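Report on the structure given below.
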Amino acid sequence: MKKVLSLVLAVVLVLSLAACDKVTKPEDVTVGFIFVGPIGDGGWTYAHNEGRLYLEQELGVKTIYKESVLEDQTVEQEMRNMIDQGATIIFATSFGYMDYMEKLSSEFPDVAFYHCSGYKTTDNMSNYFGRIYEARYLSGIVAAMKTETNKIGYVAAFPIPEVIRGINAFTLGAQSVNPDVEVEVVWTSTWYDPAKEKDAAIALLDGGADVIAQHQDTAGPQQAAEERGAYSIGYNTDMSAMAPGSYMTAPIWNWGPYYVEQVQSVIDEAFVSTSYWGGMNDGIVELAPLTANAPEGAQAAVDTAKAAILDGSLVVFAGPIMNQAGEVAVADGASMADGDMLGMMWFVKGVIGSVE
Amino acid sequence: MRMIKRTDMTKRKAIKIRTVAIIAAILVTSVFIGSIGHNPFKVYISMIEGAFGSGYRIRDTLTITIPLIVTSIGIMIAFKMKFWNIGAEGQIIVGALFASYFALNFSYLPKVVLLPLMFIAGFIGGGLWALIPTFFKVQFGTNETIFTLMMNYVALKWVTYLQYGPWKDPASMGFPKIANFEDSALLPKLFGIHIGWVIAVILIIIITFMMNKTKQGYEISVVGESVDTANYAGMNVKKIILSALFVSGGIAGLVGMMQVSGVNQTLTTQVAAGYGYIAIITAWLSGLKPAIILPVSLLFAVMIKGGSFIETAYQIPQAASDILQSVILFFVIGSEFFIQYKLIMNKRSKKEVA
């Protein structure tokens with residue numbers, strides 16, 4: 001009798017376990033984040049980490065992360081480590097991780113991969129990014145109204161489409177209020193190197209620039225501007241605390257809602273491989289509040305342009321747009337398709353520098 | 001206070017000092033882990049788990065052990081002659097660079113031809129890189145410690161140059177990276193780990209044999225003990241040093257080849273990943289004995305892998321995990337000092353100095 005009873009109990013137990021298995025509980029889900037810099041960088045990685053914390057808070061999932069992962073084979077190893085530690089969703093947040101993630105995605109079909117800022121997808125790998133160039137366009141307006149030398153310095157990371165697109169949008173925004181403005185670009189070949197990025201900004205200031213913008217993950221360029229009594233446009237997060245004397249505004253990220261939405265879709269077993277490229281109307285990118293350093297009238301100009309972008313009457317990469325050589329790159333009445341923007345490897349007129 | 005060289009060190013005493021050092025290291029790191037809000041005991045267990053907790057982790061730990069073993073062996077040969085080769089890092093890089101040249105340009109060759117070619121290239125690359133400071137040492141008496149160290153930075157800059165310039169992958173949309181190797185240039189795996197581990201084992205056997213049983217090995221130890229003796233015995237000291245350093249650098253170059261072909265699958269500035277420096281410590285702690293290099297290298301690999309694991313497992317910042325490893329290292333190396341020397345308090349010595 002006892003034997004039969006224990007057998008019945010065992011069967012019930014197994015069945016109930018199997019039943020439990022069907023529903024994925026958020027607290028059983030582990031989400032891995034691969035970061036290119038430290039979470040305290042006050043910039044790019046900081047913004048993603050804010051998104052991670054928001055995700056934890058909203059859904060109660062477990063998250064793990066790894067800081068300062070190099071953009072080489074190391075990332076493959078780190079992703080394997082995370083899968084080994086139970087991660088079923090991985091967000092890799094830098095361009096250089098793309099090929100390694102693509103390779104790994106075929107090896108682990110049950111893991112949902114998300115790559116930020118690239119252009120490749122597979123059955124179980126999405127890519128995601130935001131149209132930060134819209135916010136950069138707005139920040140260009142602020143910079144151009146501020147400059148007196150008509151020369152704006154731009155400290156940039158790598159000559160890849162993402163960065164080039166940002167520089168172009170910034171320049172177009174600047175030219176929309178001041179056609180004489182030139183934007184001088186310096187490449188640092190780093191995402192996160194405060195000292196190097198600061199030095200690059202100093203070189204630009206020495207060359208006559210009086211406003212500094214950046215595509216970097218640190219506030220190094222901001223501090224250089226502050227020390228020289230110049231003005232600056234930040235990036236990624238509100239950097240007003242780091243350079244209160246120079247900082248005017250910044251194009252910033254808000255990743256949290258996207259992370260929540262995507263992780264929820266995986267929990268609901270509704271994952272779909274997509275290329276997400278949301279703009280200001282999605283709230284994933286925006287322009288940080290203007291500080292007292294911003295020029296008079298900038299707020300009104302930004303508000304007008306922002307409203308036009310939101311209602312679709314202003315398209316950043318709509319023709320006519322000239323390239324550096326003065327040739328028409330986008331004809332009047334046309335506007336660039338997403339695919340062309342994602343592969344943008346040329347500068348608009350008014351940018352000083354080369355994409356090599 | 002002054003320090004004098006110990007002459008009374010017994011094995012038991014040495015073990016006692018090392019044990020004290022390890023306990024002290026555990027105590028200090030425990031306080032540190034506690035101060036950042038974690039249970040030290042759990043973190044230590046996790047480090048071990050991180051290194052051995054699953055088949056995947058064991059394979060990963062061993063993948064880190066391989067370059068440590070092989071580089072240590074290379075360094076050992078130079079150290080036996082009291083030639084302080086701090087340049088293994090650069091020799092790894094140049095070995096990797098030479099091997100990559102063939103991987104990138106001759107990928108149409110079959111694996112069985114291409115891989116040996118890359119091995120030879122790696123060996124020659126590392127060897128030549130070591131020969132440059134060695135030549136200046138034997139010819140002009142330059143300081144090899146500084147010279148080999150500086151060569152590391154030169155090697156690194158070469159890779160940077162190639163990565164941003166002539167070898168940049170045109171398909172990478174402007175992102176500075178060298179193209180990934182074709183399959184023909186990748187080391188095959190055996191038991192889930194690239195076959196570099198077989199090479200490491202074979203190397204240990206060959207080098208042990210060479211150092212103990214051959215004329216070359218004997219000459220190396222004589223030069224290491226006393227150059228005068230070697231001269232008196234009619235040995236060609238210059239030639240011995242040059243050829244030994246070619247082998248020492250060449251072995252480091254092999255590591256470079258194995259890293260690009262077996263692990264990274266391309267050449268990056270991170271190819272040496274600090275193995276050239278860590279291997280100085282492992283070689284030294286092994287007492288320059290090939291057989292001991294094996295467990296010591298494994299220990300360091302466990303520390304690297306375990307340290308990386310606790311970062312994600314406990315969300316410890318990378319810097320904190322580095323501090324942890326450094327403290328352990330500090331005590332382990334520090335204990336070696338107390339095994340070699342002792343400090344004695346001597347009041348009179350103050351007067352003498354005055």
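Chain labels follow the order of the structure tokens: the first chain is A, the next B, and so on; residue numbering restarts at 1 in every chain, and ligands are counted from 1 in their shown order.
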
Taking only C-alpha atoms into account, find every residue of chain A that has an atom no more than 6 Å from chain B, and write it out as a CSV table (one decimal) with C-alpha atoms, in the first residue's frame.
```csv
chain,number,residue,atom,x,y,z
A,64,ILE,CA,24.0,39.9,-14.9
A,65,TYR,CA,26.4,42.1,-16.6
A,66,LYS,CA,30.1,42.4,-17.5
A,73,GLN,CA,37.0,37.4,-29.3
A,159,PRO,CA,34.7,56.2,-38.6
A,160,ILE,CA,31.7,53.9,-38.7
```

Compile the contact shell of segment 156-158 of chain B as a PDB file with C-alpha atoms, in the first residue's frame: residues with an atom at most 12 Å away, counting only C-alpha atoms, same-chain residues fewer than 5 positions apart removed.
```pdb
ATOM      1  CA  GLY B  87      59.848  40.740 -23.471  1.00  0.00           C
ATOM      2  CA  GLU B  89      54.656  39.828 -24.298  1.00  0.00           C
ATOM      3  CA  GLY B  90      56.197  41.391 -27.399  1.00  0.00           C
ATOM      4  CA  GLN B  91      57.552  38.056 -28.616  1.00  0.00           C
ATOM      5  CA  ILE B  92      54.032  36.612 -28.396  1.00  0.00           C
ATOM      6  CA  ILE B  93      52.715  39.551 -30.397  1.00  0.00           C
ATOM      7  CA  VAL B  94      55.312  39.334 -33.148  1.00  0.00           C
ATOM      8  CA  GLY B  95      54.864  35.558 -33.347  1.00  0.00           C
ATOM      9  CA  ALA B  96      51.153  36.167 -33.737  1.00  0.00           C
ATOM     10  CA  LEU B  97      51.812  38.811 -36.363  1.00  0.00           C
ATOM     11  CA  PHE B  98      54.054  36.552 -38.466  1.00  0.00           C
ATOM     12  CA  LEU B 149      60.475  45.502 -21.984  1.00  0.00           C
ATOM     13  CA  MET B 150      60.554  48.393 -24.443  1.00  0.00           C
ATOM     14  CA  MET B 151      60.362  45.987 -27.369  1.00  0.00           C
ATOM     15  CA  GLN B 163      44.902  47.014 -37.697  1.00  0.00           C
ATOM     16  CA  TYR B 164      44.195  50.644 -38.557  1.00  0.00           C
ATOM     17  CA  GLY B 165      46.084  50.607 -41.837  1.00  0.00           C
ATOM     18  CA  PRO B 166      47.110  47.972 -44.362  1.00  0.00           C
ATOM     19  CA  TRP B 167      45.419  44.972 -42.727  1.00  0.00           C
ATOM     20  CA  LEU B 267      44.961  39.294 -34.792  1.00  0.00           C
ATOM     21  CA  THR B 268      44.137  42.041 -32.286  1.00  0.00           C
ATOM     22  CA  THR B 269      46.201  44.227 -29.990  1.00  0.00           C
ATOM     23  CA  GLN B 270      44.929  42.045 -27.163  1.00  0.00           C
ATOM     24  CA  VAL B 271      46.530  38.901 -28.522  1.00  0.00           C
ATOM     25  CA  ALA B 272      49.108  38.630 -25.728  1.00  0.00           C
ATOM     26  CA  ALA B 273      46.541  39.634 -23.081  1.00  0.00           C
ATOM     27  CA  GLY B 274      49.241  40.095 -20.450  1.00  0.00           C
TER      28      GLY B 274
END
```

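Closest approach to Gly96 of chain A among A:Tyr114, A:Ala305, A:Asp206, A:Glu71: A:Glu71, based on only C-alpha atoms.
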
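The protein and nucleic acid residues lying at most 12 Å from Gly40 of chain A are Phe35, Val36, Gly37, Gly43, Trp44, Thr45, Tyr46, Ala47, His48, Asn49, Glu50, Glu67, Ser68, Tyr192, Asp217, Thr218, Ala219 and Thr237 of chain A; Pro317, Gln318 and Ala319 of chain B, with only C-alpha atoms considered and sequence neighbours fewer than 3 positions away removed.
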
Residues near Val223 of chain B, anyone? I mean within 10 Å using only C-alpha atoms, not counting same-chain ones fewer than 2 positions away, as a compact mmCIF listing (two decimals) with C-alpha atoms, in the first residue's frame.
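Saved the output as result-v9.txt:
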```txt
# COMPACT_ATOMS: atom_id res chain seq x y z
CA LYS B 80 68.27 29.94 -16.53
CA MET B 81 71.05 32.02 -18.06
CA LYS B 82 70.17 34.95 -15.82
CA PHE B 83 69.10 36.76 -18.95
CA TYR B 218 74.27 22.03 -19.97
CA GLU B 219 75.87 25.02 -21.64
CA ILE B 220 72.87 27.18 -20.74
CA SER B 221 73.17 26.29 -17.06
CA GLU B 225 76.08 30.05 -13.14
CA SER B 226 79.15 31.91 -14.35
CA VAL B 227 80.11 33.40 -17.68
CA ASP B 228 83.78 33.17 -16.67
CA THR B 229 83.54 29.45 -16.12
CA ALA B 230 81.88 29.04 -19.49
CA ASN B 231 84.62 31.06 -21.16
CA MET B 235 82.38 27.67 -24.71
CA ASN B 236 81.23 30.25 -27.25
CA VAL B 237 79.17 32.26 -24.76
CA LYS B 238 77.80 34.74 -27.29
CA ILE B 240 74.99 30.12 -26.65
CA ILE B 241 73.12 33.19 -25.41
```

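Atom CA of Val183 of chain A is found 6.6 Å from atom CA of Tyr154 of chain A.
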
Shell of 8 Å around segment 338-349 of chain A, only C-alpha atoms, local chain residues under 4 positions omitted, as number ranges by chain: A: 119, 159-162, 164-165, 167-168, 171-172, 321-326, 354-355; B: 173

Okay, now the selection with C-alpha atoms, as a JSON list (two decimals), in the first residue's frame?
```json
[["chain", "number", "residue", "atom", "x", "y", "z"],
["A", 119, "TYR", "CA", 23.07, 45.94, -38.85],
["A", 159, "PRO", "CA", 34.73, 56.24, -38.58],
["A", 160, "ILE", "CA", 31.74, 53.87, -38.72],
["A", 161, "PRO", "CA", 28.30, 54.76, -40.12],
["A", 162, "GLU", "CA", 26.75, 55.28, -36.69],
["A", 164, "ILE", "CA", 29.39, 59.54, -39.25],
["A", 165, "ARG", "CA", 25.58, 59.77, -39.38],
["A", 167, "ILE", "CA", 28.22, 64.08, -37.20],
["A", 168, "ASN", "CA", 26.26, 64.74, -40.39],
["A", 171, "THR", "CA", 26.16, 69.55, -38.90],
["A", 172, "LEU", "CA", 22.84, 69.79, -40.76],
["A", 321, "ILE", "CA", 22.19, 67.62, -49.11],
["A", 322, "MET", "CA", 25.68, 68.24, -50.48],
["A", 323, "ASN", "CA", 28.67, 66.08, -49.71],
["A", 324, "GLN", "CA", 32.07, 67.45, -48.74],
["A", 325, "ALA", "CA", 33.08, 67.91, -52.36],
["A", 326, "GLY", "CA", 30.00, 70.06, -52.95],
["A", 354, "SER", "CA", 37.86, 62.50, -43.46],
["A", 355, "VAL", "CA", 36.03, 59.22, -42.97],
["B", 173, "MET", "CA", 32.41, 49.34, -42.42]]
```

7 Å contact set for segment 101-114 of chain B, only C-alpha atoms, chain neighbours under 2 positions out, as an mmCIF file with C-alpha atoms, in the first residue's frame:
```cif
data_model
loop_
_atom_site.group_PDB
_atom_site.id
_atom_site.type_symbol
_atom_site.label_atom_id
_atom_site.label_comp_id
_atom_site.auth_asym_id
_atom_site.auth_seq_id
_atom_site.Cartn_x
_atom_site.Cartn_y
_atom_site.Cartn_z
ATOM 1 C CA LEU B 97 51.812 38.811 -36.363
ATOM 2 C CA PHE B 98 54.054 36.552 -38.466
ATOM 3 C CA ALA B 99 51.568 33.687 -38.214
ATOM 4 C CA PRO B 116 52.698 24.136 -39.818
ATOM 5 C CA LEU B 117 53.643 27.163 -41.893
ATOM 6 C CA MET B 118 52.032 29.413 -39.307
ATOM 7 C CA PHE B 181 40.749 33.886 -40.292
ATOM 8 C CA GLU B 182 39.370 31.362 -42.719
ATOM 9 C CA SER B 184 41.953 26.580 -42.912
ATOM 10 C CA ALA B 185 43.958 28.777 -40.528
#
```

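Near Gln340 of chain B, within a cut-off of 9 Å and counting only C-alpha atoms, sit the residues Ile4, Lys5, Arg6, Thr7, Met9, Ser335, Glu336, Phe337, Phe338 and Lys342 of chain B, with same-chain residues fewer than 2 positions away left out.
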